[in-house]
Amino acid sequence: MTAPVPAAATTAAGTSPTAAGAGPAAVPAEVDNARSPILSGFLGSLFMAIGSLGVGWLAPVSELRRVPLFIWMRTEAVGVALCIVLLAVGGMLLVRAWLRLGQRVRVWGADARKATLQAVVAWGLPLMFSVPLFSRDVYAYIGQGRLMVEGFNPYENGISALSNYFQLGADKMWTEAPVPYGQLFLWIEQLVVWSTNVHPEASIMLFRLAALAGIVLCVIYVPKLAELHGVNPHRALWLTAANPLFLTNFIASVHNDALMIGLALAGLYYCATRRVIFGIVLVTLSISVKPITIVFLPFIGLLWAGKNAGWPRKILFWGLTAGISLALLYAMSRVNGFGFGWINGLSAPGSIWIWYAPVGLLGLVVASISNAFGLDGWGLAKWVYDAGKLLAVGIVAWQIFRGDHDRLMRRLTLAFAAVVLLAPMIQSWYIVWLIPLFAVTGIRDDWQVKALYFIVSFFMVYAISDQLDVFPYLQTADLGLALALARNAAAIIALLFALYLIFLDPRTKLLFSKSDEPVTTRPVI
């Protein structure tokens, strides 16, 4: 890893604002009217929160279903249509506000940091009070917490072991699936459900506070890690924390990934600044939320071993890193006697594919062609999925054993990206795992940042149209399939807005087009 380097304040052209011939009076403002995008983003977030009242996920047992406003917004076609429009327009307004805020920055200095933090608060606040959007995993958290409270082992029992489990609102895939979360998050689930007596809205708010803790950790440690790599910390913070995918997945969708990645980033920072034991403890706590960050441990061992370490020293510190982490995980597992049952749950996400994941799409093509010739298409598709996983393991191993010490964090990032991108299933919150790591090791002002703009726009459009809680009894002879129409309407609105941003908006279309301006930031590669 590179040594700490003070972040240099540069203009969009890469020159100092105090260039030769310019006196103090000639220095432009660091941020040109940040209030406008912050307010438009707040409006977009507010639209999303209002829209969530009609199409966000409510538990069947929720008392809000008896509130007249909710009844109108969720059961009348006009109310549902209004909520779909508000959700789609609000989500894309948030994307535009994020892009415009970045454009308003002349110098990535202290004022840019202040504007970014103001944006995070203004855009995140309405989402804190929204009905869960784009995912109902939070209701699975409630069910798993109830399993803990009632004395079940959630690694051996699905939510279906509970009486009236269907009233909790969890997706049916969780009714029998083993829990893939670590011991720390099980305790959080247990505490939340015990303290709220299984009240859904109160439980959601407490889970959001847990996610907020992860967000705060990201806000603190993303700039610190960026500075260690000579990357502008304020730009890295804008790329990460003000990002619409970050805010919607961690606040609106209430994913526990916020706590997972926040703890992991904090741990990486302390490992990089020679407080390795504390760093390993934090990364282990991250693993005990979601075990995917176990990928970080070999790189932490290399970091601990030092720049000029030989293989015996590397092996020694790999062993020490693994031993400390395993000992802590074992001690936590002994409290309830659950052991390492979460290992059984790790296979559940891998059994699903999705069309936009490269490996998932390849498997679909193989299955379709094979079925056309009378072969076992999906059996062959599974071979494709397994090949993707094997390739990911190979890339992780390559990044562990090969490469310069100075780019160790970038190697970790590429290894983690391989695990995510070569899986048959990619969710938008998986992408959010990667954004902070790429941001702190550097995202250039060329195709790299443009790719991020496209990715954020795509996943926002997809999320807006993917999971909507629309009552089936809205269906009539004239209306047709209510859920399909709702999803199509949301998709069309969001897609048209995205196309406007890319091709027509006089401000944002410049971000997606080819630029002849010099690159002013570089990744550590």
# chains A, B, ... in the order shown; residues from 1 in each chain; ligands from 1
call {"tool": "select_by_dssp", "arguments": {"residues": "region 177-306 of chain A", "states": "helix (DSSP H, G or I)", "output": "PyMOL selection string"}}
result
chain A and resi 183-196+200-228+233-240+244-252+257-272+276-287+291-305
call {"tool": "residues_around", "arguments": {"residues": "region 146-160 of chain A", "least_positions_apart": "5", "cutoff": "8 Å", "atoms": "only C-alpha atoms", "output": "ChimeraX atom specification"}}
result
/A:140,165-166,174-180,186,189-190,193-194,198,338,341-342,344-345
call {"tool": "write_last_selection", "arguments": {"atoms": "C-alpha atoms", "output": "CSV table (one decimal), in the first residue's frame"}}
result
chain,number,residue,atom,x,y,z
A,140,ALA,CA,-36.5,-12.0,6.9
A,165,TYR,CA,-44.6,-17.0,9.8
A,166,PHE,CA,-46.3,-15.8,6.6
A,174,TRP,CA,-36.5,-17.6,3.2
A,175,THR,CA,-39.1,-19.9,4.7
A,176,GLU,CA,-36.9,-23.0,4.5
A,177,ALA,CA,-33.5,-21.5,3.5
A,178,PRO,CA,-30.6,-21.6,6.0
A,179,VAL,CA,-29.5,-18.3,7.4
A,180,PRO,CA,-26.3,-17.0,5.7
A,186,LEU,CA,-28.0,-12.9,14.6
A,189,GLU,CA,-31.7,-9.5,15.0
A,190,GLN,CA,-32.5,-11.1,18.3
A,193,VAL,CA,-37.2,-8.4,17.8
A,194,TRP,CA,-37.0,-8.8,21.6
A,198,VAL,CA,-42.0,-8.3,16.8
A,338,PHE,CA,-24.6,-22.5,16.9
A,341,GLY,CA,-23.7,-23.1,10.8
A,342,TRP,CA,-23.7,-20.1,8.6
A,344,ASN,CA,-24.5,-24.1,5.1
A,345,GLY,CA,-26.3,-20.9,4.2
call {"tool": "residues_around", "arguments": {"residues": "region 274-288 of chain A", "least_positions_apart": "4", "cutoff": "9 Å", "atoms": "only C-alpha atoms", "output": "PyMOL selection string"}}
result
chain A and resi 181-186+259-270+292-294+296-297+300+303-304+321+324-326+328-329+332
call {"tool": "write_last_selection", "arguments": {"atoms": "N, CA and C atoms", "output": "short mmCIF file (atom, residue, chain, number, x, y, z; two decimals), in the first residue's frame"}}
result
data_model
loop_
_atom_site.label_atom_id
_atom_site.label_comp_id
_atom_site.auth_asym_id
_atom_site.auth_seq_id
_atom_site.Cartn_x
_atom_site.Cartn_y
_atom_site.Cartn_z
N TYR A 181 -26.08 -15.49 7.55
CA TYR A 181 -25.46 -14.40 8.30
C TYR A 181 -24.68 -14.94 9.49
N GLY A 182 -23.72 -14.14 9.92
CA GLY A 182 -22.88 -14.53 11.04
C GLY A 182 -23.51 -14.24 12.39
N GLN A 183 -22.78 -14.64 13.44
CA GLN A 183 -23.31 -14.58 14.79
C GLN A 183 -23.65 -13.16 15.23
N LEU A 184 -22.82 -12.18 14.89
CA LEU A 184 -23.08 -10.81 15.32
C LEU A 184 -24.42 -10.32 14.81
N PHE A 185 -24.71 -10.58 13.55
CA PHE A 185 -25.98 -10.08 13.03
C PHE A 185 -27.15 -10.86 13.61
N LEU A 186 -26.97 -12.14 13.95
CA LEU A 186 -28.05 -12.87 14.62
C LEU A 186 -28.37 -12.22 15.96
N LEU A 259 -23.61 -2.41 7.41
CA LEU A 259 -22.78 -2.67 8.58
C LEU A 259 -21.58 -3.54 8.21
N MET A 260 -21.81 -4.49 7.32
CA MET A 260 -20.72 -5.37 6.88
C MET A 260 -19.58 -4.58 6.24
N ILE A 261 -19.89 -3.75 5.27
CA ILE A 261 -18.84 -3.05 4.54
C ILE A 261 -18.25 -1.93 5.39
N GLY A 262 -19.06 -1.29 6.26
CA GLY A 262 -18.53 -0.26 7.14
C GLY A 262 -17.48 -0.81 8.09
N LEU A 263 -17.77 -1.96 8.72
CA LEU A 263 -16.80 -2.59 9.61
C LEU A 263 -15.55 -3.03 8.85
N ALA A 264 -15.74 -3.55 7.64
CA ALA A 264 -14.60 -4.01 6.85
C ALA A 264 -13.67 -2.86 6.47
N LEU A 265 -14.24 -1.73 6.05
CA LEU A 265 -13.42 -0.58 5.68
C LEU A 265 -12.66 -0.04 6.89
N ALA A 266 -13.35 0.03 8.03
CA ALA A 266 -12.68 0.48 9.25
C ALA A 266 -11.53 -0.45 9.60
N GLY A 267 -11.77 -1.75 9.50
CA GLY A 267 -10.72 -2.72 9.79
C GLY A 267 -9.53 -2.60 8.86
N LEU A 268 -9.80 -2.39 7.56
CA LEU A 268 -8.72 -2.23 6.60
C LEU A 268 -7.86 -1.01 6.93
N TYR A 269 -8.52 0.06 7.34
CA TYR A 269 -7.77 1.28 7.67
C TYR A 269 -6.81 1.03 8.84
N TYR A 270 -7.28 0.38 9.88
CA TYR A 270 -6.42 0.15 11.04
C TYR A 270 -5.31 -0.85 10.71
N ILE A 292 -18.92 -13.00 3.54
CA ILE A 292 -18.23 -12.78 2.27
C ILE A 292 -16.92 -12.01 2.46
N THR A 293 -16.83 -11.18 3.49
CA THR A 293 -15.60 -10.39 3.68
C THR A 293 -14.45 -11.22 4.24
N ILE A 294 -14.65 -12.53 4.34
CA ILE A 294 -13.53 -13.40 4.70
C ILE A 294 -12.44 -13.33 3.63
N PHE A 296 -11.09 -10.77 2.64
CA PHE A 296 -10.13 -9.73 3.02
C PHE A 296 -8.94 -10.29 3.80
N LEU A 297 -9.12 -11.41 4.50
CA LEU A 297 -8.12 -11.86 5.46
C LEU A 297 -6.74 -12.16 4.85
N ILE A 300 -4.95 -8.94 4.36
CA ILE A 300 -4.54 -8.35 5.64
C ILE A 300 -3.28 -9.03 6.15
N LEU A 303 -0.47 -7.53 4.32
CA LEU A 303 -0.25 -6.17 4.81
C LEU A 303 0.53 -6.20 6.12
N TRP A 304 0.18 -7.14 6.98
CA TRP A 304 0.84 -7.29 8.27
C TRP A 304 2.28 -7.77 8.10
N THR A 321 -3.14 -14.14 11.13
CA THR A 321 -4.39 -13.45 10.79
C THR A 321 -5.57 -14.41 10.86
N ILE A 324 -6.29 -15.51 14.61
CA ILE A 324 -6.99 -14.52 15.43
C ILE A 324 -8.46 -14.44 15.02
N SER A 325 -8.71 -14.36 13.70
CA SER A 325 -10.09 -14.25 13.23
C SER A 325 -10.90 -15.49 13.58
N LEU A 326 -10.30 -16.67 13.35
CA LEU A 326 -11.02 -17.92 13.62
C LEU A 326 -11.30 -18.07 15.11
N LEU A 328 -11.77 -15.68 17.30
CA LEU A 328 -12.85 -14.78 17.67
C LEU A 328 -14.20 -15.30 17.17
N LEU A 329 -14.22 -15.80 15.94
CA LEU A 329 -15.48 -16.37 15.41
C LEU A 329 -15.90 -17.58 16.22
N MET A 332 -17.40 -16.48 19.54
CA MET A 332 -18.76 -15.97 19.35
C MET A 332 -19.74 -17.10 19.11
#
call {"tool": "residues_around", "arguments": {"residues": "Leu501 (chain A)", "least_positions_apart": "5", "cutoff": "9 Å", "atoms": "only C-alpha atoms", "output": "list in words"}}
result
Met92, Arg96, Leu496, Pro506, Arg507, Thr508, Lys509 and Phe512 of chain A
call {"tool": "closest_atom_pairs", "arguments": {"of": "region 212-284 of chain A", "to": "region 435-440 of chain A", "cutoff": "6 Å", "atoms": "only C-alpha atoms", "output": "CSV"}}
result
residue,atom,partner,partner_atom,distance
A:Leu225,CA,A:Val440,CA,5.8
A:Ala226,CA,A:Val440,CA,4.1
A:Ala236,CA,A:Ala439,CA,5.0
A:Thr240,CA,A:Pro436,CA,5.5
call {"tool": "atom_distance", "arguments": {"atom1": "CA of Ala417 (chain A)", "atom2": "CA of Ala392 (chain A)"}}
result
8.8 Å
call {"tool": "residues_around", "arguments": {"residues": "Ala498 (chain A)", "least_positions_apart": "6", "cutoff": "12 Å", "atoms": "only C-alpha atoms", "output": "list in words"}}
result
Ala88, Val89, Gly91, Met92, Leu93, Leu94, Val95, Arg96, Tyr453, Phe454, Ile455, Val456, Ser457, Phe458, Phe459, Met460, Val461, Tyr462, Ile464, Ala491, Ile492, Leu504, Asp505, Thr508, Lys509 and Phe512 of chain A
call {"tool": "residues_around", "arguments": {"residues": "Arg235 (chain A)", "least_positions_apart": "6", "cutoff": "10 Å", "atoms": "only C-alpha atoms", "output": "JSON, numbers by chain"}}
result
{"A": [102, 105, 107, 108, 109, 112, 113, 116, 223, 226, 439, 440, 442, 443, 521]}
call {"tool": "residues_around", "arguments": {"residues": "Phe70 (chain A)", "least_positions_apart": "5", "cutoff": "7 Å", "atoms": "only C-alpha atoms", "output": "VMD selection string"}}
result
chain A and resid 53 to 54 64 to 65
call {"tool": "write_last_selection", "arguments": {"atoms": "N, CA, C and O atoms", "output": "PDB file, in the first residue's frame"}}
result
ATOM      1  N   LEU A  53     -45.119   4.496   0.229  1.00  0.00           N
ATOM      2  CA  LEU A  53     -46.336   4.241   0.994  1.00  0.00           C
ATOM      3  C   LEU A  53     -47.308   3.365   0.212  1.00  0.00           C
ATOM      4  O   LEU A  53     -48.095   2.617   0.801  1.00  0.00           O
ATOM      5  N   GLY A  54     -47.249   3.453  -1.116  1.00  0.00           N
ATOM      6  CA  GLY A  54     -48.174   2.681  -1.937  1.00  0.00           C
ATOM      7  C   GLY A  54     -47.595   1.403  -2.492  1.00  0.00           C
ATOM      8  O   GLY A  54     -48.336   0.420  -2.682  1.00  0.00           O
ATOM      9  N   LEU A  64     -50.249  -0.407   9.577  1.00  0.00           N
ATOM     10  CA  LEU A  64     -50.383   0.653   8.580  1.00  0.00           C
ATOM     11  C   LEU A  64     -51.384   0.286   7.492  1.00  0.00           C
ATOM     12  O   LEU A  64     -51.915   1.175   6.805  1.00  0.00           O
ATOM     13  N   ARG A  65     -51.669  -0.990   7.325  1.00  0.00           N
ATOM     14  CA  ARG A  65     -52.629  -1.413   6.307  1.00  0.00           C
ATOM     15  C   ARG A  65     -54.053  -0.957   6.640  1.00  0.00           C
ATOM     16  O   ARG A  65     -54.931  -1.001   5.776  1.00  0.00           O
TER      17      ARG A  65
END
